[in-house]
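The file structure06.cif comes next; it holds mmCIF, C-alpha atoms and all ligand atoms.
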data_entry
#
loop_
_atom_site.label_atom_id
_atom_site.label_comp_id
_atom_site.auth_asym_id
_atom_site.auth_seq_id
_atom_site.Cartn_x
_atom_site.Cartn_y
_atom_site.Cartn_z
CA MET G 1 -17.32 -0.87 7.55
CA LYS G 2 -20.79 -0.87 9.13
CA LEU G 3 -22.55 2.43 9.51
CA THR G 4 -24.98 1.45 12.27
CA PRO G 5 -22.59 2.03 15.19
CA LEU G 6 -21.70 5.46 13.77
CA ILE G 7 -25.38 6.33 13.44
CA HIS G 8 -25.97 5.39 17.08
CA ARG G 9 -22.96 7.43 18.08
CA PHE G 10 -24.31 10.43 16.16
CA GLN G 11 -27.69 10.11 17.87
CA GLU G 12 -26.04 9.87 21.27
CA VAL G 13 -23.64 12.80 20.77
CA PHE G 14 -26.25 15.14 19.32
CA GLU G 15 -29.12 13.84 21.46
CA THR G 16 -31.50 13.11 18.64
CA GLU G 17 -33.52 10.18 17.34
CA GLN G 18 -33.37 11.37 13.76
CA LYS G 19 -31.25 9.38 11.32
CA PRO G 20 -28.37 11.31 9.75
CA GLN G 21 -27.34 11.10 6.11
CA ALA G 22 -23.96 9.45 5.52
CA PHE G 23 -21.02 10.29 3.27
CA PHE G 24 -17.60 8.83 2.58
CA ALA G 25 -14.35 9.99 1.02
CA PRO G 26 -11.33 7.70 0.64
CA GLY G 27 -7.62 8.20 1.17
CA ARG G 28 -5.22 7.65 -1.72
CA ILE G 29 -2.04 5.95 -2.79
CA ASN G 30 0.01 7.04 -5.76
CA LEU G 31 1.34 4.26 -7.98
CA ILE G 32 3.86 6.52 -9.74
CA GLY G 33 4.30 10.20 -10.62
CA GLU G 34 5.63 11.72 -7.40
CA HIS G 35 6.33 15.42 -6.94
CA THR G 36 5.16 15.96 -10.50
CA ASP G 37 1.73 17.50 -9.80
CA TYR G 38 2.96 20.98 -8.90
CA ASN G 39 5.42 20.76 -11.81
CA GLY G 40 2.67 20.48 -14.42
CA GLY G 41 3.32 16.76 -14.95
CA HIS G 42 1.34 13.54 -14.66
CA VAL G 43 0.38 11.48 -11.62
CA PHE G 44 -1.09 7.97 -11.41
CA PRO G 45 -2.96 7.64 -8.09
CA ALA G 46 -5.85 5.49 -6.89
CA ALA G 47 -8.40 5.83 -4.08
CA ILE G 48 -8.21 3.26 -1.29
CA SER G 49 -10.93 1.80 0.89
CA PHE G 50 -9.68 3.52 4.05
CA GLY G 51 -11.18 6.97 4.39
CA THR G 52 -13.36 9.42 6.25
CA TYR G 53 -17.05 9.02 7.09
CA ALA G 54 -19.31 11.97 7.79
CA LEU G 55 -22.85 11.71 9.18
CA ALA G 56 -24.93 14.85 9.18
CA ILE G 57 -28.34 16.41 9.74
CA LYS G 58 -29.30 19.91 8.65
CA ARG G 59 -30.24 22.42 11.34
CA GLN G 60 -32.76 25.27 11.28
CA ASP G 61 -30.35 27.91 12.62
CA LYS G 62 -26.89 28.99 11.45
CA LYS G 63 -24.91 26.82 13.83
CA ILE G 64 -22.55 24.07 12.75
CA ARG G 65 -21.67 21.52 15.38
CA PHE G 66 -18.69 19.26 14.66
CA TYR G 67 -17.73 16.07 16.46
CA SER G 68 -14.99 13.58 15.64
CA ASP G 69 -15.23 10.03 16.86
CA ASN G 70 -11.44 9.88 16.49
CA PHE G 71 -11.02 12.59 19.14
CA PRO G 72 -13.97 12.08 21.51
CA GLU G 73 -12.03 13.84 24.28
CA LYS G 74 -12.17 17.06 22.28
CA GLY G 75 -15.96 17.09 22.41
CA ILE G 76 -18.22 19.19 20.19
CA PHE G 77 -16.84 22.24 18.35
CA GLU G 78 -19.34 24.91 17.48
CA SER G 79 -19.11 27.42 14.61
CA SER G 80 -21.52 29.68 12.80
CA LEU G 81 -22.16 30.16 9.10
CA ASP G 82 -21.57 33.85 9.72
CA ASP G 83 -18.06 33.31 11.07
CA LEU G 84 -16.01 30.84 9.10
CA ILE G 85 -12.60 32.45 9.54
CA TYR G 86 -9.65 30.12 10.24
CA GLN G 87 -8.98 29.80 13.93
CA GLU G 88 -6.19 27.75 15.37
CA ASP G 89 -8.35 26.72 18.33
CA ASP G 90 -10.84 25.17 15.95
CA ASP G 91 -8.32 22.39 15.37
CA TRP G 92 -9.33 19.78 12.74
CA THR G 93 -12.67 21.51 12.12
CA ASN G 94 -10.79 24.12 10.08
CA TYR G 95 -10.87 21.66 7.14
CA PRO G 96 -14.68 21.47 6.91
CA LYS G 97 -14.94 25.16 7.85
CA GLY G 98 -12.66 26.07 4.95
CA MET G 99 -14.81 24.02 2.56
CA LEU G 100 -17.93 25.81 3.79
CA LEU G 101 -16.35 29.23 3.42
CA TYR G 102 -15.13 28.61 -0.13
CA PHE G 103 -18.41 26.95 -1.19
CA LYS G 104 -20.19 30.08 -0.03
CA GLU G 105 -17.63 32.34 -1.71
CA ASP G 106 -18.24 30.39 -4.92
CA GLY G 107 -21.89 31.43 -4.71
CA PHE G 108 -23.41 28.18 -3.44
CA SER G 109 -26.39 28.87 -1.26
CA ILE G 110 -25.95 27.43 2.24
CA GLU G 111 -28.36 29.24 4.54
CA SER G 112 -28.66 26.92 7.52
CA GLY G 113 -26.13 24.94 9.53
CA PHE G 114 -25.82 21.24 10.39
CA ASP G 115 -24.64 18.76 13.00
CA VAL G 116 -21.91 16.46 11.79
CA LEU G 117 -19.95 13.50 13.11
CA PHE G 118 -16.71 12.53 11.40
CA TYR G 119 -14.89 9.24 11.71
CA GLY G 120 -11.74 8.32 9.80
CA ASN G 121 -9.87 5.03 9.53
CA ILE G 122 -6.89 6.24 7.51
CA PRO G 123 -3.81 5.42 9.59
CA ASN G 124 -2.78 8.57 11.43
CA GLY G 125 0.07 10.58 9.88
CA ALA G 126 0.61 7.96 7.18
CA GLY G 127 0.66 10.35 4.25
CA LEU G 128 -2.41 8.73 2.69
CA SER G 129 -4.17 12.12 2.47
CA SER G 130 -6.48 12.17 5.44
CA SER G 131 -6.83 15.96 5.13
CA ALA G 132 -7.94 15.86 1.48
CA SER G 133 -10.31 13.07 2.51
CA ILE G 134 -11.94 15.33 5.13
CA GLU G 135 -12.18 18.13 2.57
CA LEU G 136 -13.89 15.99 -0.05
CA VAL G 137 -16.25 14.23 2.33
CA THR G 138 -17.35 17.72 3.38
CA GLY G 139 -17.78 18.60 -0.29
CA VAL G 140 -20.21 15.73 -0.99
CA LEU G 141 -21.98 16.42 2.29
CA LEU G 142 -22.65 20.04 1.29
CA GLU G 143 -23.59 19.04 -2.24
CA THR G 144 -26.18 16.57 -0.97
CA LEU G 145 -27.59 18.29 2.12
CA TYR G 146 -28.13 21.58 0.27
CA GLN G 147 -28.95 20.03 -3.14
CA LEU G 148 -26.22 21.98 -4.87
CA ASP G 149 -25.12 21.38 -8.41
CA VAL G 150 -21.36 21.18 -7.93
CA ASP G 151 -19.08 20.22 -10.75
CA ARG G 152 -16.76 17.54 -9.33
CA VAL G 153 -13.59 19.14 -10.65
CA ARG G 154 -14.65 22.43 -9.05
CA MET G 155 -15.18 20.62 -5.73
CA ILE G 156 -11.68 19.18 -6.05
CA GLN G 157 -10.23 22.62 -6.75
CA ILE G 158 -12.05 24.06 -3.74
CA GLY G 159 -10.47 21.27 -1.65
CA GLN G 160 -7.02 22.24 -2.90
CA LYS G 161 -7.77 25.90 -2.21
CA VAL G 162 -8.65 25.03 1.40
CA GLU G 163 -5.33 23.21 1.74
CA ASN G 164 -3.30 26.01 0.09
CA GLN G 165 -5.00 29.18 1.27
CA TYR G 166 -7.04 28.32 4.35
CA ILE G 167 -4.76 25.79 6.04
CA GLY G 168 -1.59 27.13 4.39
CA VAL G 169 -0.09 23.91 2.99
CA ASN G 170 1.28 24.47 -0.49
CA SER G 171 0.34 21.06 -2.00
CA GLY G 172 -0.58 20.18 -5.58
CA ILE G 173 -3.90 18.83 -6.83
CA MET G 174 -3.17 15.10 -6.86
CA ASP G 175 -4.67 14.15 -3.50
CA GLN G 176 -7.99 15.95 -3.90
CA PHE G 177 -8.29 14.72 -7.48
CA ALA G 178 -7.65 11.07 -6.63
CA ILE G 179 -10.11 11.26 -3.74
CA GLY G 180 -12.76 13.12 -5.71
CA MET G 181 -12.52 10.98 -8.84
CA GLY G 182 -11.53 7.53 -7.56
CA LYS G 183 -13.07 4.48 -9.17
CA GLN G 184 -13.12 0.97 -7.77
CA ASP G 185 -10.27 -1.21 -9.08
CA HIS G 186 -8.92 1.63 -11.22
CA ALA G 187 -6.04 4.06 -11.04
CA MET G 188 -6.20 7.35 -12.90
CA LEU G 189 -3.61 9.04 -15.03
CA LEU G 190 -4.03 12.77 -14.52
CA ASP G 191 -2.33 15.52 -16.46
CA CYS G 192 -1.99 18.12 -13.70
CA ASP G 193 -1.52 20.90 -16.23
CA THR G 194 -4.77 20.41 -18.18
CA LEU G 195 -6.65 18.26 -15.62
CA GLN G 196 -7.40 15.77 -18.38
CA TYR G 197 -7.50 12.26 -17.00
CA GLN G 198 -8.14 8.67 -17.91
CA TYR G 199 -8.86 5.59 -15.84
CA ALA G 200 -6.82 2.41 -16.10
CA PRO G 201 -7.98 -0.87 -14.56
CA ILE G 202 -5.48 -2.11 -12.01
CA LYS G 203 -5.01 -5.59 -13.36
CA LEU G 204 -2.10 -7.01 -11.42
CA ALA G 205 -2.81 -10.70 -12.08
CA ASN G 206 -2.02 -12.57 -8.88
CA HIS G 207 -0.45 -9.61 -7.07
CA ASP G 208 -1.54 -7.43 -4.17
CA ILE G 209 -0.56 -3.85 -3.51
CA ILE G 210 0.81 -3.78 0.01
CA ILE G 211 0.99 -0.46 1.83
CA ILE G 212 3.86 -0.30 4.30
CA ASN G 213 3.68 2.45 6.89
CA THR G 214 7.05 3.65 8.20
CA ASN G 215 5.27 4.83 11.35
CA LYS G 216 7.67 7.75 11.33
CA ARG G 217 6.28 11.07 12.48
CA ARG G 218 6.61 13.51 9.62
CA GLU G 219 7.56 16.75 11.35
CA LEU G 220 9.76 18.16 8.62
CA THR G 221 7.52 17.29 5.72
CA GLU G 222 6.04 20.69 5.19
CA SER G 223 9.19 22.80 5.16
CA LYS G 224 11.07 20.28 3.00
CA TYR G 225 8.09 20.04 0.66
CA ASN G 226 8.05 23.80 0.19
CA GLU G 227 11.82 23.80 -0.30
CA ARG G 228 11.49 21.27 -3.16
CA ARG G 229 8.75 23.35 -4.73
CA SER G 230 10.86 26.47 -4.76
CA GLU G 231 13.91 24.60 -6.07
CA CYS G 232 11.77 23.46 -9.00
CA GLU G 233 10.46 26.98 -9.50
CA GLN G 234 14.02 28.32 -9.67
CA ALA G 235 14.99 25.62 -12.16
CA LEU G 236 11.99 26.51 -14.30
CA ALA G 237 12.81 30.23 -14.15
CA ASP G 238 16.36 29.50 -15.37
CA LEU G 239 15.06 27.38 -18.25
CA GLN G 240 12.48 29.99 -19.19
CA LYS G 241 15.26 32.50 -19.91
CA GLU G 242 15.88 30.53 -23.13
CA LEU G 243 12.87 28.27 -23.59
CA SER G 244 9.22 29.12 -23.91
CA ILE G 245 7.76 26.57 -21.50
CA ASN G 246 5.11 26.89 -18.79
CA SER G 247 6.21 24.10 -16.48
CA LEU G 248 8.85 21.42 -16.12
CA GLY G 249 6.20 19.01 -17.36
CA ASP G 250 6.57 20.57 -20.82
CA LEU G 251 10.02 19.05 -21.28
CA THR G 252 10.96 15.53 -22.36
CA PRO G 253 14.04 13.89 -20.80
CA GLU G 254 15.89 14.41 -24.10
CA GLN G 255 15.13 18.14 -24.08
CA PHE G 256 16.18 18.31 -20.46
CA GLU G 257 19.57 16.77 -21.26
CA GLN G 258 20.02 19.31 -24.05
CA TYR G 259 19.22 22.32 -21.88
CA ARG G 260 20.08 21.25 -18.35
CA THR G 261 23.08 23.54 -18.07
CA LEU G 262 20.75 26.53 -18.28
CA ILE G 263 19.88 25.67 -14.70
CA LYS G 264 22.58 27.42 -12.70
CA ASN G 265 22.45 25.58 -9.43
CA GLU G 266 23.40 21.90 -9.45
CA THR G 267 20.89 20.89 -6.79
CA ASN G 268 18.09 22.57 -8.74
CA GLN G 269 19.25 20.66 -11.83
CA GLN G 270 18.86 17.41 -9.96
CA ARG G 271 15.36 18.35 -8.75
CA ALA G 272 14.26 19.27 -12.28
CA LYS G 273 15.74 16.04 -13.60
CA HIS G 274 13.56 14.04 -11.23
CA ALA G 275 10.40 15.96 -12.12
CA ILE G 276 10.96 15.58 -15.86
CA TYR G 277 12.07 11.92 -15.91
CA GLU G 278 9.35 10.98 -13.42
CA ASN G 279 6.74 12.55 -15.65
CA ALA G 280 7.97 10.48 -18.60
CA ARG G 281 8.04 7.31 -16.47
CA THR G 282 4.45 7.94 -15.36
CA ILE G 283 3.13 8.21 -18.91
CA THR G 284 5.00 5.02 -19.87
CA ALA G 285 3.68 3.27 -16.76
CA LEU G 286 0.10 3.68 -17.97
CA ASP G 287 0.97 1.99 -21.27
CA LYS G 288 2.75 -0.85 -19.51
CA LEU G 289 -0.12 -1.46 -17.13
CA LYS G 290 -2.65 -1.38 -19.96
CA ALA G 291 -0.55 -3.82 -21.99
CA GLY G 292 -0.24 -6.16 -19.00
CA GLU G 293 3.55 -5.75 -19.01
CA LEU G 294 3.78 -6.04 -15.27
CA GLN G 295 7.55 -6.56 -15.00
CA ALA G 296 8.16 -3.37 -16.96
CA PHE G 297 5.59 -1.54 -14.83
CA GLY G 298 7.33 -2.70 -11.65
CA GLU G 299 10.70 -1.62 -13.01
CA LEU G 300 9.38 1.93 -13.52
CA VAL G 301 8.06 1.92 -9.96
CA ASN G 302 11.54 1.02 -8.71
CA GLN G 303 13.20 3.69 -10.84
CA SER G 304 10.80 6.22 -9.40
CA HIS G 305 12.03 5.43 -5.91
CA ILE G 306 15.68 5.63 -6.94
CA SER G 307 15.10 9.04 -8.49
CA LEU G 308 13.23 10.26 -5.39
CA ARG G 309 16.09 8.95 -3.26
CA ASP G 310 19.05 10.23 -5.28
CA ASP G 311 17.86 13.26 -7.25
CA TYR G 312 14.87 14.60 -5.33
CA GLU G 313 16.14 13.49 -1.90
CA VAL G 314 12.81 13.01 -0.19
CA THR G 315 13.08 9.41 1.04
CA GLY G 316 15.22 8.89 4.14
CA ILE G 317 16.44 5.76 5.90
CA GLU G 318 12.93 4.48 6.70
CA LEU G 319 11.51 4.52 3.18
CA ASP G 320 14.82 3.41 1.65
CA THR G 321 15.07 0.43 3.98
CA ILE G 322 11.58 -0.67 2.99
CA ALA G 323 12.05 -0.22 -0.76
CA GLU G 324 15.54 -1.65 -0.93
CA THR G 325 14.61 -4.68 1.18
CA ALA G 326 11.46 -5.18 -0.90
CA TRP G 327 13.43 -5.24 -4.17
CA LYS G 328 15.40 -8.24 -2.89
CA GLN G 329 12.34 -10.34 -2.01
CA GLU G 330 10.86 -13.06 -4.16
CA GLY G 331 7.58 -12.26 -5.90
CA VAL G 332 7.98 -8.47 -5.74
CA LEU G 333 7.25 -6.62 -8.99
CA GLY G 334 8.16 -3.19 -7.66
CA ALA G 335 8.30 -1.02 -4.55
CA ARG G 336 8.59 2.68 -3.85
CA MET G 337 7.63 5.47 -1.48
CA THR G 338 4.20 7.00 -2.09
CA GLY G 339 3.07 10.57 -1.33
CA ALA G 340 5.25 13.43 -0.17
CA GLY G 341 8.01 11.27 1.36
CA PHE G 342 10.22 11.89 4.42
CA GLY G 343 8.28 9.13 6.19
CA GLY G 344 4.69 8.18 5.54
CA CYS G 345 4.12 5.06 3.46
CA ALA G 346 5.70 2.92 0.77
CA ILE G 347 3.85 0.57 -1.56
CA ALA G 348 4.98 -2.77 -2.93
CA ILE G 349 3.39 -4.95 -5.60
CA VAL G 350 3.75 -8.46 -4.30
CA GLU G 351 2.66 -11.86 -5.58
CA LYS G 352 -0.15 -13.05 -3.33
CA ASN G 353 1.52 -16.26 -2.21
CA HIS G 354 4.63 -14.34 -1.18
CA THR G 355 2.98 -11.61 0.88
CA LYS G 356 3.52 -13.34 4.22
CA ALA G 357 7.23 -13.97 3.67
CA PHE G 358 7.51 -10.44 2.27
CA GLN G 359 6.05 -8.86 5.39
CA GLU G 360 8.24 -10.93 7.67
CA ALA G 361 11.39 -9.98 5.79
CA ILE G 362 10.56 -6.27 5.74
CA GLU G 363 9.57 -6.22 9.37
CA LYS G 364 12.79 -7.94 10.43
CA GLU G 365 15.13 -5.70 8.43
CA TYR G 366 13.22 -2.50 9.18
CA THR G 367 13.11 -3.12 12.91
CA LYS G 368 16.82 -3.96 12.92
CA ILE G 369 17.79 -0.78 11.09
CA VAL G 370 15.16 1.74 12.20
CA GLY G 371 14.45 0.50 15.72
CA TYR G 372 10.65 0.18 15.61
CA GLU G 373 8.13 -1.77 13.56
CA PRO G 374 6.43 -0.81 10.32
CA SER G 375 2.73 -1.61 9.70
CA PHE G 376 1.23 -3.38 6.70
CA TYR G 377 -2.14 -3.08 4.95
CA VAL G 378 -3.36 -4.72 1.77
CA ALA G 379 -4.68 -1.89 -0.40
CA SER G 380 -8.09 -2.32 -1.86
CA ILE G 381 -8.85 0.22 -4.55
CA GLY G 382 -12.23 1.83 -4.04
CA ASP G 383 -14.49 4.65 -5.21
CA GLY G 384 -14.09 8.37 -4.79
CA ALA G 385 -16.09 10.66 -2.50
CA LYS G 386 -19.79 9.76 -2.41
CA SER G 387 -23.05 9.62 -0.48
CA LEU G 388 -23.67 6.33 1.30
CA HIS G 389 -26.93 4.51 1.68
CA LEU G 390 -27.93 2.92 4.94
CA GLY G 391 -26.55 -0.54 5.29
CA GLU G 392 -23.91 0.12 2.64
CA GLU G 393 -20.45 -1.05 3.54
CA SER G 394 -17.40 0.64 2.16
C1 LIG M 1 1.72 15.39 -1.24
C2 LIG M 1 0.95 16.52 -1.90
C3 LIG M 1 0.62 16.21 -3.35
C4 LIG M 1 1.87 15.76 -4.11
C5 LIG M 1 2.64 14.69 -3.33
C6 LIG M 1 3.96 14.35 -3.97
O1 LIG M 1 0.91 14.27 -1.15
O2 LIG M 1 -0.25 16.77 -1.20
O3 LIG M 1 0.03 17.32 -3.98
O4 LIG M 1 2.69 16.85 -4.41
O5 LIG M 1 2.89 15.10 -2.00
O6 LIG M 1 3.77 13.75 -5.20
#
Can you turn what I pasted into structure tokens?
Amino acid sequence: MKLTPLIHRFQEVFETEQKPQAFFAPGRINLIGEHTDYNGGHVFPAAISFGTYALAIKRQDKKIRFYSDNFPEKGIFESSLDDLIYQEDDDWTNYPKGMLLYFKEDGFSIESGFDVLFYGNIPNGAGLSSSASIELVTGVLLETLYQLDVDRVRMIQIGQKVENQYIGVNSGIMDQFAIGMGKQDHAMLLDCDTLQYQYAPIKLANHDIIIINTNKRRELTESKYNERRSECEQALADLQKELSINSLGDLTPEQFEQYRTLIKNETNQQRAKHAIYENARTITALDKLKAGELQAFGELVNQSHISLRDDYEVTGIELDTIAETAWKQEGVLGARMTGAGFGGCAIAIVEKNHTKAFQEAIEKEYTKIVGYEPSFYVASIGDGAKSLHLGEES
């Protein structure tokens, strides 16, 4: 993506001839390890080349002026460094405002404001973490404009804090971590309990990762997400009556089978089963990918979807239609939902010379069953949040 048109737009909106500095943070997909982050388990996400751009110039006073090229009709929002409290009317600017507030609370010195233009090309409502992308692009912007020495993991944690405490969405750390730490052509295995991580090159031979957007609006996501979290917390509390564990991620599938009846409620048992088996699958998936055992990797991806469908119950007709149709197509190594579920996107690992037939088959079946079309994107795995240099494409 070329920066020049965005620079011109910035100059026009803020009536200046000065050149802004530019920043980028990606969106993310998750290869495997779903609904494990807040259960102290492992995740295996990667940053994608879609993301959020921010162009900014420091000001002399305490004003911050925000503009989004995605919502030009909303115009410029104005805030002050002295008043960074969440306000519903401030709309999307609450994400960067939250980052500013928590940077300041962390002791980082930000004494003057800035003008900023945001532009994002992550498909709207697709569950590819556009909000974490806005948080982290703001993080690198603040780090650079104010020459702050910010540990990257701390920046990621501040992003999660904005999501949890400022915005009020009770998500885990996967999205901010993937977006803050992404590396081109690599996925990362993250232990969400210790925050230890390792990169693994995504070597898929002659396969592409196709992102399939259900195009379903995700109204219920938040309440259902919180419901799953509390079901897992109840399961953990039951287990802790007998076992000294800190999270579901501490148990192996074998231990779970031994102790599962400690969990009183059957639904909660099912939820815990998913979290624990999914964690084990995720760790195995890294080994399979590293060893080039692509069939085995794909099989784990499929099992992940089945578990999310049957035990965790976060898929729905849209995601199931995509995954189940994908499994039947030639050249498909694996397919599953990615992200929170209940809509959003699925991913499929498809042999390059079968991608066209794959898309046609999915589109036909999906439209027949769901009533509207899905969208397709070939994922390219890019870097995490960073400063951009003029002329750089991302
Ligand atoms: C959302 C949350 C993440 C994670 C996934 C499910 O994307 O933001 O923290 O819990 O759902 O794996």
Taking only residues of chain G that have an atom at most 7 Å from an atom of ligand LIG 1 (chain M), what is each one's shortest atom pair and its distance in Å to one decimal, using only C-alpha atoms and all ligand atoms, in chain and number order, as JSON lines?
{"residue": "G:Gly33", "atom": "CA", "partner": "M:LIG1", "partner_atom": "O6", "distance": 6.5}
{"residue": "G:Glu34", "atom": "CA", "partner": "M:LIG1", "partner_atom": "O6", "distance": 3.5}
{"residue": "G:His35", "atom": "CA", "partner": "M:LIG1", "partner_atom": "O6", "distance": 3.5}
{"residue": "G:Thr36", "atom": "CA", "partner": "M:LIG1", "partner_atom": "O6", "distance": 5.9}
{"residue": "G:Asp37", "atom": "CA", "partner": "M:LIG1", "partner_atom": "O4", "distance": 5.5}
{"residue": "G:Tyr38", "atom": "CA", "partner": "M:LIG1", "partner_atom": "O4", "distance": 6.1}
{"residue": "G:Gly127", "atom": "CA", "partner": "M:LIG1", "partner_atom": "O1", "distance": 6.7}
{"residue": "G:Ser129", "atom": "CA", "partner": "M:LIG1", "partner_atom": "O1", "distance": 6.6}
{"residue": "G:Ser171", "atom": "CA", "partner": "M:LIG1", "partner_atom": "O3", "distance": 4.2}
{"residue": "G:Gly172", "atom": "CA", "partner": "M:LIG1", "partner_atom": "O3", "distance": 3.3}
{"residue": "G:Ile173", "atom": "CA", "partner": "M:LIG1", "partner_atom": "O3", "distance": 5.1}
{"residue": "G:Met174", "atom": "CA", "partner": "M:LIG1", "partner_atom": "O3", "distance": 4.8}
{"residue": "G:Asp175", "atom": "CA", "partner": "M:LIG1", "partner_atom": "O2", "distance": 5.6}
{"residue": "G:Gly339", "atom": "CA", "partner": "M:LIG1", "partner_atom": "O1", "distance": 4.3}
{"residue": "G:Ala340", "atom": "CA", "partner": "M:LIG1", "partner_atom": "O5", "distance": 3.4}
**Prompt:** Using only C-alpha atoms, what residues lie at most 12 Å away from (15.5, 9.3, 3.8) (file coordinates), given as a PyMOL selection string?
**Reply:** chain G and resi 214+216+218+220-221+224+305-306+308-324+337+340-344+370
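The gap separating atom CA of G:Phe23 from atom CA of G:Ile202 is 25.1 Å, in Å to one decimal.
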**Request:** Identify, on the basis of all atoms listed in the file, every residue whose closest approach to G:Lys104 does not exceed 12 Å; exclude the query and any residue fewer than 2 positions from it along the same chain; express the result as a list in words.
**Result:**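 In the requested form, the answer reads Leu81, Asp82, Asp83, Leu84, Lys97, Gly98, Met99, Leu100, Leu101, Tyr102, Asp106, Gly107, Phe108, Ser109, Ile110, Glu111, Ser112, Gly139, Leu142, Glu143, Tyr146, Leu148, Val150 and Ile158 of chain G.
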**Message:** Please report the interatomic distance between atom CA of G:Thr144 and atom CA of G:Ala56 in Å with one decimal.
**Reply:** 10.4 Å
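Take the candidates G:Gly292, G:Gly27, G:Gly371, G:Pro201 and check each one against G:Ser131 using all atoms listed in the file; the shortest distance goes to G:Gly27.
The smallest atom-to-atom distance between G:Gln21 and any of G:Asp115, G:Asp149, G:Asp185, G:Glu360, using only C-alpha atoms, is found for G:Asp115.
With distances restricted to only C-alpha atoms, G:Ile29 is the closest residue to G:Ile122 from G:Ala200, G:Ala335, G:Ile29, G:Val301.
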**Request:** Please indicate the distance in Å from atom CA of G:Ala326 to atom CA of G:Pro253, rounded to one decimal place.
**Result:** 27.7 Å
**Request:** Just the residues within 10 Å of G:Ile76, please, counting all atoms listed in the file, with nothing from its chain fewer than 6 positions along; format it as number ranges by chain.
**Result:** G: 13-14, 64-68, 115-117
Can you rebuild stretch 63-74 of chain G with N, CA, C and O atoms and give it as a tab-separated table (two decimals), in the coordinates of the input?
chain	number	residue	atom	x	y	z
G	63	LYS	N	-26.00	27.49	13.13
G	63	LYS	CA	-24.91	26.82	13.83
G	63	LYS	C	-24.41	25.61	13.06
G	63	LYS	O	-25.19	24.90	12.41
G	64	ILE	N	-23.08	25.35	13.22
G	64	ILE	CA	-22.55	24.07	12.75
G	64	ILE	C	-21.90	23.45	13.97
G	64	ILE	O	-21.09	24.10	14.65
G	65	ARG	N	-22.30	22.22	14.25
G	65	ARG	CA	-21.67	21.52	15.38
G	65	ARG	C	-20.89	20.33	14.83
G	65	ARG	O	-21.45	19.50	14.11
G	66	PHE	N	-19.59	20.29	15.16
G	66	PHE	CA	-18.69	19.26	14.66
G	66	PHE	C	-18.27	18.33	15.79
G	66	PHE	O	-17.91	18.80	16.88
G	67	TYR	N	-18.23	17.03	15.47
G	67	TYR	CA	-17.73	16.07	16.46
G	67	TYR	C	-16.92	15.02	15.72
G	67	TYR	O	-17.32	14.56	14.65
G	68	SER	N	-15.77	14.65	16.27
G	68	SER	CA	-14.99	13.58	15.64
G	68	SER	C	-14.93	12.38	16.58
G	68	SER	O	-14.52	12.51	17.73
G	69	ASP	N	-15.31	11.24	16.05
G	69	ASP	CA	-15.23	10.03	16.86
G	69	ASP	C	-13.78	9.55	17.02
G	69	ASP	O	-13.52	8.63	17.77
G	70	ASN	N	-12.86	10.18	16.30
G	70	ASN	CA	-11.44	9.88	16.49
G	70	ASN	C	-10.88	10.65	17.70
G	70	ASN	O	-9.86	10.26	18.26
G	71	PHE	N	-11.50	11.77	18.02
G	71	PHE	CA	-11.02	12.59	19.14
G	71	PHE	C	-12.18	12.89	20.09
G	71	PHE	O	-12.53	14.07	20.31
G	72	PRO	N	-12.79	11.85	20.68
G	72	PRO	CA	-13.97	12.08	21.51
G	72	PRO	C	-13.66	13.03	22.67
G	72	PRO	O	-14.51	13.81	23.09
G	73	GLU	N	-12.40	13.00	23.13
G	73	GLU	CA	-12.03	13.84	24.28
G	73	GLU	C	-12.12	15.34	23.94
G	73	GLU	O	-12.20	16.18	24.82
G	74	LYS	N	-12.09	15.64	22.67
G	74	LYS	CA	-12.17	17.06	22.28
G	74	LYS	C	-13.61	17.58	22.27
G	74	LYS	O	-13.84	18.78	22.18
